[in-house]
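Engineer: structure_34.txt is the file, holding compact mmCIF, C-alpha atoms and all ligand atoms:
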```
# COMPACT_ATOMS: atom_id res chain seq x y z
CA MET A 1 10.69 -13.55 -7.01
CA ARG A 2 11.70 -15.85 -4.18
CA TYR A 3 9.16 -18.37 -2.92
CA ILE A 4 9.08 -21.64 -0.98
CA ASN A 5 8.98 -24.70 -3.20
CA CYS A 6 7.96 -28.17 -1.99
CA ALA A 7 9.95 -30.61 -4.11
CA SER A 8 7.66 -33.47 -3.03
CA ALA A 9 5.32 -34.45 -0.21
CA GLY A 10 7.19 -35.09 3.01
CA ASP A 11 8.71 -33.66 6.17
CA ALA A 12 9.80 -30.05 6.71
CA ASN A 13 13.04 -30.63 4.78
CA VAL A 14 11.18 -30.84 1.43
CA MET A 15 10.67 -27.05 1.57
CA ALA A 16 13.35 -24.81 0.04
CA LEU A 17 13.75 -21.28 -1.28
CA ALA A 18 13.36 -21.09 -5.06
CA GLU A 19 13.16 -18.42 -7.77
CA GLY A 20 10.08 -18.08 -9.98
CA PRO A 21 7.96 -15.57 -11.89
CA VAL A 22 5.82 -12.99 -10.10
CA PRO A 23 2.17 -14.17 -10.42
CA SER A 24 0.15 -12.58 -13.22
CA LEU A 25 -3.21 -11.03 -12.36
CA GLN A 26 -6.70 -12.11 -13.38
CA ALA A 27 -9.56 -9.59 -13.51
CA GLY A 28 -10.62 -8.62 -10.00
CA GLU A 29 -7.29 -9.53 -8.40
CA LEU A 30 -4.57 -7.43 -6.84
CA LEU A 31 -0.87 -8.11 -6.38
CA ILE A 32 0.55 -7.91 -2.87
CA ARG A 33 4.24 -7.41 -2.11
CA VAL A 34 4.31 -9.73 0.90
CA HIS A 35 5.80 -8.47 4.18
CA ALA A 36 4.62 -11.36 6.33
CA ALA A 37 2.78 -14.66 5.86
CA GLY A 38 0.94 -16.75 8.44
CA VAL A 39 1.63 -20.45 9.02
CA ASN A 40 -1.37 -22.71 9.59
CA ARG A 41 -1.99 -26.38 10.36
CA PRO A 42 -3.50 -26.93 6.86
CA ASP A 43 -0.06 -25.93 5.43
CA ILE A 44 1.46 -28.88 7.30
CA LEU A 45 -1.19 -31.22 5.89
CA GLN A 46 -0.63 -29.84 2.37
CA ARG A 47 3.17 -30.24 2.69
CA ARG A 48 2.67 -33.86 3.74
CA GLY A 49 0.40 -34.43 0.71
CA LEU A 50 -2.67 -34.91 2.91
CA TYR A 51 -4.70 -31.81 1.96
CA PRO A 52 -6.93 -32.18 -1.12
CA MET A 53 -6.56 -28.76 -2.78
CA PRO A 54 -9.55 -27.35 -4.68
CA ALA A 55 -9.02 -27.19 -8.47
CA GLY A 56 -7.28 -24.12 -9.85
CA VAL A 57 -5.62 -22.84 -6.67
CA ASN A 58 -1.97 -21.79 -6.42
CA PRO A 59 -0.10 -24.93 -5.25
CA VAL A 60 2.53 -22.87 -3.36
CA LEU A 61 1.96 -23.03 0.42
CA GLY A 62 0.53 -20.07 2.32
CA LEU A 63 -3.10 -19.20 3.09
CA GLU A 64 -2.69 -15.67 4.49
CA VAL A 65 -0.45 -12.65 3.93
CA ALA A 66 0.01 -9.01 4.84
CA GLY A 67 1.79 -6.48 2.67
CA GLU A 68 1.50 -3.60 0.24
CA VAL A 69 -0.62 -3.50 -2.93
CA VAL A 70 1.71 -3.03 -5.92
CA ALA A 71 -0.69 -3.63 -8.83
CA VAL A 72 -4.43 -3.96 -9.41
CA ALA A 73 -6.24 -5.66 -12.32
CA ASP A 74 -9.43 -4.49 -14.04
CA GLY A 75 -12.48 -4.55 -11.84
CA VAL A 76 -10.77 -3.83 -8.51
CA MET A 77 -12.72 -1.05 -6.80
CA ASN A 78 -11.90 -1.40 -3.11
CA HIS A 79 -8.09 -1.13 -3.02
CA ARG A 80 -5.36 0.95 -4.70
CA VAL A 81 -1.63 0.66 -5.24
CA GLY A 82 0.12 1.59 -2.00
CA ASP A 83 -2.62 0.29 0.35
CA ARG A 84 -1.52 -1.81 3.34
CA VAL A 85 -3.68 -4.94 3.25
CA CYS A 86 -4.01 -8.40 4.73
CA ALA A 87 -5.57 -11.15 2.66
CA LEU A 88 -6.94 -14.66 2.71
CA THR A 89 -5.11 -16.17 -0.27
CA ASN A 90 -6.04 -19.03 -2.58
CA GLY A 91 -2.54 -20.41 -1.92
CA GLY A 92 0.81 -18.81 -2.69
CA GLY A 93 1.43 -16.89 0.53
CA TYR A 94 4.98 -18.23 1.13
CA ALA A 95 6.35 -15.90 -1.57
CA GLU A 96 7.55 -12.35 -2.15
CA TYR A 97 4.46 -11.55 -4.25
CA CYS A 98 0.96 -13.00 -4.10
CA ALA A 99 -2.10 -12.45 -6.33
CA VAL A 100 -5.41 -12.43 -4.45
CA PRO A 101 -9.07 -11.72 -5.37
CA SER A 102 -9.73 -8.21 -4.08
CA GLY A 103 -12.80 -9.32 -2.09
CA GLN A 104 -10.51 -11.45 0.10
CA CYS A 105 -8.38 -8.42 1.10
CA LEU A 106 -8.93 -6.09 4.02
CA SER A 107 -7.14 -2.83 4.84
CA ILE A 108 -4.81 -3.12 7.83
CA PRO A 109 -6.09 -0.90 10.65
CA ALA A 110 -3.68 1.82 11.83
CA GLY A 111 -1.56 0.54 14.70
CA VAL A 112 -1.66 -3.10 13.57
CA SER A 113 1.74 -4.40 12.43
CA MET A 114 2.37 -6.42 9.28
CA THR A 115 3.20 -9.45 11.46
CA GLN A 116 -0.06 -9.14 13.40
CA ALA A 117 -2.03 -8.54 10.19
CA ALA A 118 -0.58 -11.67 8.54
CA ALA A 119 -1.84 -13.72 11.51
CA ILE A 120 -5.45 -12.56 11.10
CA PRO A 121 -7.13 -13.80 7.89
CA GLU A 122 -7.12 -17.61 8.07
CA ALA A 123 -8.17 -17.86 11.72
CA PHE A 124 -10.59 -14.91 11.76
CA PHE A 125 -12.32 -16.01 8.53
CA THR A 126 -12.54 -19.61 9.83
CA VAL A 127 -13.91 -18.70 13.25
CA TRP A 128 -16.35 -16.18 11.76
CA ALA A 129 -17.66 -18.59 9.10
CA ASN A 130 -18.17 -21.38 11.61
CA LEU A 131 -19.16 -19.77 14.92
CA LEU A 132 -21.02 -16.73 13.58
CA GLN A 133 -22.41 -17.76 10.19
CA LEU A 134 -23.06 -21.47 10.85
CA ALA A 135 -23.55 -21.77 14.63
CA ARG A 136 -24.94 -18.23 15.09
CA VAL A 137 -23.46 -17.92 18.59
CA GLN A 138 -25.33 -15.29 20.62
CA PRO A 139 -23.96 -13.09 23.43
CA GLY A 140 -24.18 -14.95 26.73
CA GLU A 141 -24.10 -18.42 25.15
CA ARG A 142 -21.64 -21.06 26.36
CA VAL A 143 -19.07 -22.20 23.81
CA LEU A 144 -16.56 -25.07 24.07
CA ILE A 145 -13.46 -24.46 21.96
CA HIS A 146 -10.95 -27.22 21.43
CA GLY A 147 -7.26 -26.39 21.08
CA GLY A 148 -7.68 -23.12 22.96
CA SER A 149 -4.01 -22.20 22.56
CA SER A 150 -3.92 -22.89 18.80
CA GLY A 151 -4.10 -20.21 16.14
CA ILE A 152 -7.77 -21.00 15.56
CA GLY A 153 -8.58 -21.59 19.23
CA SER A 154 -6.93 -18.40 20.51
CA THR A 155 -8.77 -16.41 17.82
CA ALA A 156 -12.09 -17.94 18.90
CA LEU A 157 -11.32 -16.95 22.51
CA LEU A 158 -10.45 -13.37 21.45
CA LEU A 159 -13.71 -13.08 19.50
CA GLY A 160 -15.57 -14.67 22.40
CA GLN A 161 -14.27 -11.96 24.75
CA GLU A 162 -15.25 -9.27 22.26
CA LEU A 163 -18.73 -10.65 21.57
CA GLY A 164 -19.70 -11.69 25.10
CA TRP A 165 -19.60 -15.51 24.98
CA HIS A 166 -18.86 -17.74 28.01
CA CYS A 167 -15.92 -19.77 26.73
CA TYR A 168 -14.49 -23.10 27.85
CA ALA A 169 -11.39 -24.40 26.08
CA THR A 170 -9.27 -27.53 26.05
CA ALA A 171 -5.48 -27.80 26.01
CA GLY A 172 -2.92 -30.51 26.68
CA SER A 173 -0.68 -28.81 29.28
CA ASP A 174 -0.92 -26.60 32.36
CA GLU A 175 1.03 -23.84 30.57
CA LYS A 176 -1.50 -23.81 27.73
CA CYS A 177 -4.35 -23.87 30.26
CA GLN A 178 -2.89 -20.73 31.87
CA PHE A 179 -2.76 -19.10 28.40
CA ILE A 180 -6.48 -19.91 28.02
CA GLU A 181 -7.39 -18.55 31.47
CA ASP A 182 -5.49 -15.34 30.62
CA LEU A 183 -7.90 -14.97 27.68
CA GLY A 184 -10.85 -15.02 30.07
CA ALA A 185 -11.99 -18.61 29.45
CA SER A 186 -12.23 -21.71 31.67
CA ALA A 187 -9.48 -24.17 30.75
CA LEU A 188 -9.83 -27.97 30.63
CA ASN A 189 -6.62 -30.02 30.48
CA TYR A 190 -7.76 -32.93 28.29
CA ARG A 191 -4.68 -34.96 29.20
CA ALA A 192 -5.42 -34.75 32.97
CA ALA A 193 -9.02 -36.08 32.75
CA ASP A 194 -11.83 -36.50 30.22
CA PHE A 195 -12.78 -33.04 29.00
CA ASP A 196 -16.53 -33.81 29.08
CA GLN A 197 -16.42 -34.76 32.77
CA GLN A 198 -14.44 -31.62 33.63
CA LEU A 199 -16.85 -29.48 31.63
CA LEU A 200 -19.97 -30.97 33.21
CA ALA A 201 -18.47 -30.37 36.65
CA LEU A 202 -18.28 -26.66 35.80
CA THR A 203 -21.56 -26.19 33.94
CA ASP A 204 -24.64 -28.17 32.95
CA GLY A 205 -23.77 -28.05 29.26
CA VAL A 206 -22.74 -25.80 26.36
CA ASP A 207 -24.66 -24.30 23.46
CA VAL A 208 -21.95 -24.61 20.82
CA VAL A 209 -18.78 -26.67 20.26
CA LEU A 210 -15.97 -25.65 17.88
CA ASP A 211 -14.30 -28.97 17.12
CA MET A 212 -11.01 -29.72 15.38
CA VAL A 213 -10.71 -33.29 16.76
CA GLY A 214 -13.65 -34.96 15.00
CA ALA A 215 -14.62 -38.60 15.35
CA ALA A 216 -12.78 -39.33 18.63
CA TYR A 217 -14.87 -36.71 20.48
CA LEU A 218 -18.23 -37.02 18.70
CA GLU A 219 -20.02 -39.04 21.38
CA GLN A 220 -18.78 -36.72 24.17
CA HIS A 221 -19.96 -33.69 22.18
CA LEU A 222 -23.48 -35.09 21.91
CA LYS A 223 -23.37 -35.49 25.71
CA VAL A 224 -22.20 -31.98 26.61
CA LEU A 225 -24.42 -30.04 24.19
CA ASN A 226 -27.57 -28.37 25.56
CA ASP A 227 -30.99 -28.46 23.89
CA ASP A 228 -30.75 -26.81 20.45
CA GLY A 229 -26.94 -27.09 20.65
CA ARG A 230 -24.70 -26.79 17.59
CA LEU A 231 -21.57 -28.83 16.87
CA VAL A 232 -19.30 -27.28 14.23
CA ILE A 233 -16.51 -29.54 12.95
CA ILE A 234 -13.50 -27.83 11.32
CA GLY A 235 -10.82 -30.49 11.67
CA ALA A 236 -10.37 -34.24 12.10
CA MET A 237 -7.17 -34.67 14.12
CA GLY A 238 -8.95 -37.51 15.97
CA GLY A 239 -10.25 -39.30 12.88
CA VAL A 240 -13.20 -39.07 10.48
CA SER A 241 -15.30 -42.12 11.25
CA SER A 242 -17.33 -42.94 14.35
CA MET A 243 -20.28 -45.11 15.46
CA ILE A 244 -22.69 -43.06 17.63
CA ASN A 245 -26.07 -43.27 19.31
CA ILE A 246 -28.23 -40.80 17.39
CA MET A 247 -30.87 -40.40 20.12
CA PRO A 248 -29.32 -37.23 21.66
CA ILE A 249 -29.55 -35.52 18.26
CA MET A 250 -33.31 -36.02 18.23
CA LEU A 251 -34.00 -35.55 21.93
CA LYS A 252 -31.96 -32.30 22.19
CA ARG A 253 -32.64 -31.05 18.63
CA LEU A 254 -28.89 -30.82 17.96
CA THR A 255 -27.36 -29.46 14.77
CA LEU A 256 -24.20 -31.16 13.47
CA THR A 257 -22.37 -29.14 10.85
CA GLY A 258 -18.89 -28.10 9.71
CA SER A 259 -16.96 -26.52 6.89
CA THR A 260 -13.60 -25.95 5.26
CA LEU A 261 -12.66 -22.42 4.31
CA ARG A 262 -10.57 -23.33 1.31
CA ALA A 263 -13.46 -25.02 -0.50
CA ARG A 264 -15.61 -21.87 -0.33
CA SER A 265 -16.10 -19.66 -3.39
CA SER A 266 -14.48 -16.22 -3.69
CA GLN A 267 -17.96 -14.70 -3.31
CA GLN A 268 -18.50 -16.50 0.01
CA LYS A 269 -15.04 -15.44 1.21
CA ALA A 270 -15.83 -11.83 0.25
CA ILE A 271 -19.03 -11.95 2.33
CA ILE A 272 -17.01 -13.16 5.34
CA ALA A 273 -14.52 -10.32 4.72
CA ASP A 274 -17.35 -7.76 4.62
CA GLU A 275 -18.82 -9.00 7.89
CA LEU A 276 -15.42 -8.95 9.60
CA ARG A 277 -14.77 -5.43 8.27
CA GLN A 278 -18.03 -4.19 9.73
CA GLN A 279 -18.09 -6.08 13.01
CA ILE A 280 -14.50 -6.83 14.08
CA TRP A 281 -12.24 -4.32 12.32
CA PRO A 282 -13.29 -1.47 14.65
CA ALA A 283 -12.11 -3.58 17.61
CA LEU A 284 -8.72 -4.22 15.94
CA ALA A 285 -8.38 -0.49 15.24
CA ALA A 286 -9.03 0.13 18.95
CA GLY A 287 -6.29 -2.35 19.92
CA ARG A 288 -8.59 -5.22 20.95
CA CYS A 289 -8.79 -8.76 19.50
CA LEU A 290 -5.20 -8.55 18.23
CA PRO A 291 -3.84 -11.99 17.28
CA ILE A 292 -1.38 -13.53 19.71
CA ILE A 293 1.96 -14.18 18.01
CA ASP A 294 3.94 -17.16 19.26
CA SER A 295 7.02 -16.55 17.09
CA GLU A 296 8.37 -15.13 13.82
CA PHE A 297 10.72 -16.83 11.32
CA ALA A 298 12.52 -15.60 8.21
CA LEU A 299 11.08 -17.03 4.98
CA ALA A 300 14.26 -19.05 4.42
CA ASP A 301 13.77 -20.61 7.87
CA VAL A 302 10.27 -21.92 7.05
CA ALA A 303 11.26 -25.47 8.03
CA SER A 304 11.83 -24.30 11.63
CA ALA A 305 8.36 -22.73 11.69
CA HIS A 306 6.78 -25.98 10.47
CA ARG A 307 8.79 -28.02 12.99
CA ARG A 308 7.63 -25.76 15.80
CA MET A 309 3.99 -26.21 14.79
CA GLU A 310 4.44 -29.97 14.46
CA SER A 311 6.06 -30.13 17.91
CA GLY A 312 2.83 -28.70 19.36
CA THR A 313 4.77 -26.38 21.69
CA HIS A 314 3.51 -23.09 20.21
CA MET A 315 0.76 -20.93 21.71
CA GLY A 316 -0.91 -18.58 19.24
CA LYS A 317 0.21 -17.90 15.69
CA LEU A 318 3.45 -18.53 13.77
CA VAL A 319 4.44 -15.96 11.14
CA LEU A 320 7.05 -15.84 8.36
CA THR A 321 8.59 -12.39 7.84
CA LEU A 322 9.94 -11.31 4.46
CA ARG A 323 10.93 -7.64 5.07
N1 LIG B 401 -12.08 -26.09 8.42
C1 LIG B 401 -11.35 -25.01 8.18
O1 LIG B 401 -11.72 -24.15 7.40
C2 LIG B 401 -10.03 -24.86 8.90
C3 LIG B 401 -9.22 -23.73 8.68
C4 LIG B 401 -8.02 -23.62 9.39
C5 LIG B 401 -7.67 -24.60 10.31
N2 LIG B 401 -8.48 -25.67 10.47
C6 LIG B 401 -8.15 -26.73 11.44
O2 LIG B 401 -8.17 -26.16 12.73
C7 LIG B 401 -7.23 -26.84 13.56
C8 LIG B 401 -6.31 -25.82 14.21
O3 LIG B 401 -5.51 -25.19 13.22
P1 LIG B 401 -4.31 -24.22 13.65
O4 LIG B 401 -3.72 -23.70 12.41
O5 LIG B 401 -4.79 -23.29 14.69
O6 LIG B 401 -3.31 -25.32 14.26
P2 LIG B 401 -2.48 -25.48 15.61
O7 LIG B 401 -2.13 -24.13 16.15
O8 LIG B 401 -1.37 -26.42 15.33
O9 LIG B 401 -3.52 -26.19 16.60
C9 LIG B 401 -3.77 -27.55 16.72
C10 LIG B 401 -4.51 -27.71 18.06
O10 LIG B 401 -5.16 -28.98 18.12
C11 LIG B 401 -5.23 -29.32 19.49
N3 LIG B 401 -5.50 -30.75 19.70
C12 LIG B 401 -4.90 -31.80 19.08
N4 LIG B 401 -5.42 -32.94 19.56
C13 LIG B 401 -6.36 -32.61 20.49
C14 LIG B 401 -7.24 -33.34 21.32
N5 LIG B 401 -7.28 -34.69 21.30
N6 LIG B 401 -8.07 -32.66 22.15
C15 LIG B 401 -8.07 -31.31 22.17
N7 LIG B 401 -7.26 -30.55 21.40
C16 LIG B 401 -6.42 -31.19 20.57
C17 LIG B 401 -3.86 -28.94 19.99
O11 LIG B 401 -3.93 -28.81 21.40
P3 LIG B 401 -2.67 -29.13 22.38
O12 LIG B 401 -1.46 -28.53 21.69
O13 LIG B 401 -3.04 -28.44 23.62
O14 LIG B 401 -2.57 -30.60 22.50
C18 LIG B 401 -3.62 -27.60 19.28
O15 LIG B 401 -4.04 -26.53 20.06
C19 LIG B 401 -6.52 -27.85 12.66
O16 LIG B 401 -7.15 -29.10 12.80
C20 LIG B 401 -6.75 -27.30 11.27
O17 LIG B 401 -6.68 -28.29 10.27
C21 LIG B 401 -9.65 -25.81 9.81
```
In structure tokens, what does this structure look like?
Ligand SMILES: NC(=O)c1ccc[n+]([C@@H]2O[C@H](COP(=O)([O-])OP(=O)(O)OC[C@H]3O[C@@H](n4cnc5c(N)ncnc54)[C@H](OP(=O)(O)O)[C@@H]3O)[C@@H](O)[C@H]2O)c1
Structural biologist:
Amino acid sequence: MRYINCASAGDANVMALAEGPVPSLQAGELLIRVHAAGVNRPDILQRRGLYPMPAGVNPVLGLEVAGEVVAVADGVMNHRVGDRVCALTNGGGYAEYCAVPSGQCLSIPAGVSMTQAAAIPEAFFTVWANLLQLARVQPGERVLIHGGSSGIGSTALLLGQELGWHCYATAGSDEKCQFIEDLGASALNYRAADFDQQLLALTDGVDVVLDMVGAAYLEQHLKVLNDDGRLVIIGAMGGVSSMINIMPIMLKRLTLTGSTLRARSSQQKAIIADELRQQIWPALAAGRCLPIIDSEFALADVASAHRRMESGTHMGKLVLTLR
């Protein structure tokens, strides 16, 4: 099969089409003939050699795919050959075929395209695991989402609309702020003024923060969170280390938490898949919550997709198409 090989860690030019064997299946896995694969910021970090991969995962890039099941191993009960599925992979998505534990696969609802389906797993699993399972956001709560025009941020805004949250989101340009407002949230241009001051001019605080910036924003997050607020850290684009005053944590009973999806077990990923199937898949089938696609690239043009993400000009998801 054809797949994208990274000859070494480096810039987008280290990626090239290569030929290799179709993955063999372990018990409980199924083989997907990939039609489309999502591109995510962790792929960029992995390509640069900055993402510590858990042991035993497929080192080929690609955390999410959509396609057709072409083989199933022993122990697979929920899918059959011929099913249209999308899947959270354990690596290996930038390829014509990908082997995935069946619990990490979901049937593609009628009316959802392969491109749209490939843009769902990584962001929907991440937002669900962090905002629903960890932060337990309730309808009517106020949520601050950083990077509102990113793949993760736009997904959080879509789920916020569906589940009745009051969302505020940051972005670094007026165009991205308009994108956020179109998704029903209040936009804060973090390059125009400090986001915490803008937020506190609009509201007296938020209940939850979804944070991909990390250390650089920690002190401001402790300021804008309400009593019993929850800060969920999923990225560290602004560094990992910070000196803070811990008093607000005690006085407001704050919870500071975070997670990475890739480090979770297959069982935990299957639980996230089950919850999404029950609670969000009906909305997708009804045409709501569909991921916003910024652009599509042929597999052989993967370097252009990575360059677009690194340029920071995209809004929504980037997808590689193989068929
Ligand atoms: N923990 C997990 O399980 C997990 C899983 C997937 C992704 N992630 C993380 O989630 C983040 C988003 O991933 P993605 O694939 O959606 O990438 P993406 O589309 O490239 O998004 C990156 C976003 O970060 C925003 N940003 C950068 N610096 C900022 C700052 N100082 N203040 C506010 N926003 C800032 C950018 O906003 P502007 O463009 O407006 O500047 C952009 O929207 C990444 O950090 C990624 O590593 C974590």
Engineer: Between A:Cys289, A:Ala55, A:Leu144, A:Cys6, which has the minimum distance to Leu276 of chain A (counting all atoms listed in the file)?
Structural biologist: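 Ranked by minimum distance to Leu276 of chain A, first place goes to A:Cys289.
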Engineer: Quick check, in Å to one decimal: how far apart do atom CA of Val232 of chain A and atom CA of Leu134 of chain A lie?
Structural biologist: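 Between these atoms lies a distance of 7.7 Å.
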Engineer: For ligand LIG 401 (chain B), which residue among A:Gln197, A:Gln220, A:Ser311, A:Gln268 is the nearest when counting all atoms listed in the file?
Structural biologist: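 For ligand LIG 401 (chain B), the nearest of the candidates is A:Ser311.
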Engineer: Residues proximal to (3.1, -26.0, 25.5) were defined as those with any atom within 6 Å of that point in the file's coordinates, counting all atoms listed in the file. Which are they, as a PyMOL selection string?
Structural biologist: chain A and resi 175-176+313
Engineer: Once 5 Å is added on each side, what centre and edge lengths in Å to one decimal does the axis-aligned box around all listed atoms of ligand LIG 401 (chain B) have, as AutoDock Vina command-line options?
Structural biologist:
```
--center_x -6.7 --center_y -29.0 --center_z 15.5 --size_x 20.7 --size_y 21.4 --size_z 26.2
```
Engineer: In Å, with one decimal, what is the gap from atom CA of Glu68 of chain A to atom CA of Gly20 of chain A?
Structural biologist: 19.7 Å
Engineer: Residues within 7 Å of ligand LIG 401 (chain B) should be enumerated using only C-alpha atoms and all ligand atoms and returned as a PyMOL selection string.
Structural biologist: chain A and resi 40-42+122-123+126+146-153+170-173+176+190+212-213+234-238+259-262+309-310+312-313+316-317
Engineer: I need every residue sitting at most 6 Å from the point (-20.5, -14.2, 24.4) (coordinates as in the file, all atoms listed in the file considered), written as a list in words.
Structural biologist: Pro139, Gly140, Glu141, Gly160, Leu163, Gly164, Trp165 and His166 of chain A
Engineer: At what distance in Å, to one decimal, does atom CA of Arg2 of chain A lie from atom CA of Arg323 of chain A?
Structural biologist: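 Going from atom CA of Arg323 of chain A over to atom CA of Arg2 of chain A, I get 12.4 Å.
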Engineer: Counting all atoms listed in the file, which of A:Leu132, A:Thr255, A:Met247, A:His306 gets nearest to Arg48 of chain A?
Structural biologist: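 Of the candidates, the smallest distance to Arg48 of chain A is held by A:His306.
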Engineer: Given only C-alpha atoms as the basis, pick out the residue of A:Val100, A:Val57, A:Val302, A:Leu210 nearest to Met15 of chain A.
Structural biologist: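 Of the candidates, the smallest distance to Met15 of chain A is held by A:Val302.
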Engineer: Find the residues around Val22 of chain A up to 10 Å (all atoms listed in the file counted), leave out those fewer than 5 positions away in its own chain, and share them as number ranges by chain.
Structural biologist: A: 1-3, 31, 33, 95-99
Engineer: Any chance you can output those residues with C-alpha atoms as a PDB file, in the frame of the given file?
Structural biologist:
```pdb
ATOM      1  CA  MET A   1      10.690 -13.550  -7.010  1.00  0.00           C
ATOM      2  CA  ARG A   2      11.700 -15.850  -4.180  1.00  0.00           C
ATOM      3  CA  TYR A   3       9.160 -18.370  -2.920  1.00  0.00           C
ATOM      4  CA  LEU A  31      -0.870  -8.110  -6.380  1.00  0.00           C
ATOM      5  CA  ARG A  33       4.240  -7.410  -2.110  1.00  0.00           C
ATOM      6  CA  ALA A  95       6.350 -15.900  -1.570  1.00  0.00           C
ATOM      7  CA  GLU A  96       7.550 -12.350  -2.150  1.00  0.00           C
ATOM      8  CA  TYR A  97       4.460 -11.550  -4.250  1.00  0.00           C
ATOM      9  CA  CYS A  98       0.960 -13.000  -4.100  1.00  0.00           C
ATOM     10  CA  ALA A  99      -2.100 -12.450  -6.330  1.00  0.00           C
TER      11      ALA A  99
END
```
Engineer: Considering only C-alpha atoms, state which residue in the set A:Val65, A:Ala9, A:Met77, A:Ala303 is at the smallest distance from Ala37 of chain A.
Structural biologist: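 Smallest separation from Ala37 of chain A among the options: A:Val65.
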Engineer: Can I get segment 1-18 of chain A with N, CA and C atoms filled in, as a PDB file, keeping the file's coordinate frame?
Structural biologist:
```
ATOM      1  N   MET A   1      10.856 -13.726  -8.458  1.00  0.00           N
ATOM      2  CA  MET A   1      10.690 -13.550  -7.010  1.00  0.00           C
ATOM      3  C   MET A   1      11.148 -14.821  -6.292  1.00  0.00           C
ATOM      4  N   ARG A   2      11.381 -14.673  -4.990  1.00  0.00           N
ATOM      5  CA  ARG A   2      11.700 -15.850  -4.180  1.00  0.00           C
ATOM      6  C   ARG A   2      10.400 -16.412  -3.590  1.00  0.00           C
ATOM      7  N   TYR A   3      10.310 -17.727  -3.534  1.00  0.00           N
ATOM      8  CA  TYR A   3       9.160 -18.370  -2.920  1.00  0.00           C
ATOM      9  C   TYR A   3       9.627 -19.701  -2.330  1.00  0.00           C
ATOM     10  N   ILE A   4       8.732 -20.336  -1.560  1.00  0.00           N
ATOM     11  CA  ILE A   4       9.080 -21.640  -0.980  1.00  0.00           C
ATOM     12  C   ILE A   4       8.496 -22.735  -1.857  1.00  0.00           C
ATOM     13  N   ASN A   5       9.383 -23.579  -2.356  1.00  0.00           N
ATOM     14  CA  ASN A   5       8.980 -24.700  -3.200  1.00  0.00           C
ATOM     15  C   ASN A   5       8.990 -25.987  -2.371  1.00  0.00           C
ATOM     16  N   CYS A   6       7.969 -26.819  -2.589  1.00  0.00           N
ATOM     17  CA  CYS A   6       7.960 -28.170  -1.990  1.00  0.00           C
ATOM     18  C   CYS A   6       8.315 -29.142  -3.089  1.00  0.00           C
ATOM     19  N   ALA A   7       9.502 -29.721  -3.021  1.00  0.00           N
ATOM     20  CA  ALA A   7       9.950 -30.610  -4.110  1.00  0.00           C
ATOM     21  C   ALA A   7       9.066 -31.851  -4.188  1.00  0.00           C
ATOM     22  N   SER A   8       8.546 -32.303  -3.053  1.00  0.00           N
ATOM     23  CA  SER A   8       7.660 -33.470  -3.030  1.00  0.00           C
ATOM     24  C   SER A   8       6.919 -33.434  -1.704  1.00  0.00           C
ATOM     25  N   ALA A   9       5.985 -34.356  -1.506  1.00  0.00           N
ATOM     26  CA  ALA A   9       5.320 -34.450  -0.210  1.00  0.00           C
ATOM     27  C   ALA A   9       6.298 -35.040   0.797  1.00  0.00           C
ATOM     28  N   GLY A  10       6.283 -34.518   2.022  1.00  0.00           N
ATOM     29  CA  GLY A  10       7.190 -35.090   3.010  1.00  0.00           C
ATOM     30  C   GLY A  10       7.344 -34.239   4.240  1.00  0.00           C
ATOM     31  N   ASP A  11       8.483 -34.398   4.928  1.00  0.00           N
ATOM     32  CA  ASP A  11       8.710 -33.660   6.170  1.00  0.00           C
ATOM     33  C   ASP A  11       9.166 -32.228   5.861  1.00  0.00           C
ATOM     34  N   ALA A  12       9.505 -31.473   6.900  1.00  0.00           N
ATOM     35  CA  ALA A  12       9.800 -30.050   6.710  1.00  0.00           C
ATOM     36  C   ALA A  12      10.992 -29.814   5.772  1.00  0.00           C
ATOM     37  N   ASN A  13      11.861 -30.808   5.627  1.00  0.00           N
ATOM     38  CA  ASN A  13      13.040 -30.630   4.780  1.00  0.00           C
ATOM     39  C   ASN A  13      12.730 -30.557   3.287  1.00  0.00           C
ATOM     40  N   VAL A  14      11.502 -30.904   2.877  1.00  0.00           N
ATOM     41  CA  VAL A  14      11.180 -30.840   1.430  1.00  0.00           C
ATOM     42  C   VAL A  14      10.989 -29.395   0.972  1.00  0.00           C
ATOM     43  N   MET A  15      10.902 -28.460   1.943  1.00  0.00           N
ATOM     44  CA  MET A  15      10.670 -27.050   1.570  1.00  0.00           C
ATOM     45  C   MET A  15      12.016 -26.359   1.375  1.00  0.00           C
ATOM     46  N   ALA A  16      12.113 -25.553   0.290  1.00  0.00           N
ATOM     47  CA  ALA A  16      13.350 -24.810   0.040  1.00  0.00           C
ATOM     48  C   ALA A  16      13.045 -23.536  -0.717  1.00  0.00           C
ATOM     49  N   LEU A  17      13.888 -22.530  -0.514  1.00  0.00           N
ATOM     50  CA  LEU A  17      13.750 -21.280  -1.280  1.00  0.00           C
ATOM     51  C   LEU A  17      13.984 -21.569  -2.753  1.00  0.00           C
ATOM     52  N   ALA A  18      13.191 -20.924  -3.614  1.00  0.00           N
ATOM     53  CA  ALA A  18      13.360 -21.090  -5.060  1.00  0.00           C
ATOM     54  C   ALA A  18      13.072 -19.748  -5.721  1.00  0.00           C
TER      55      ALA A  18
END
```
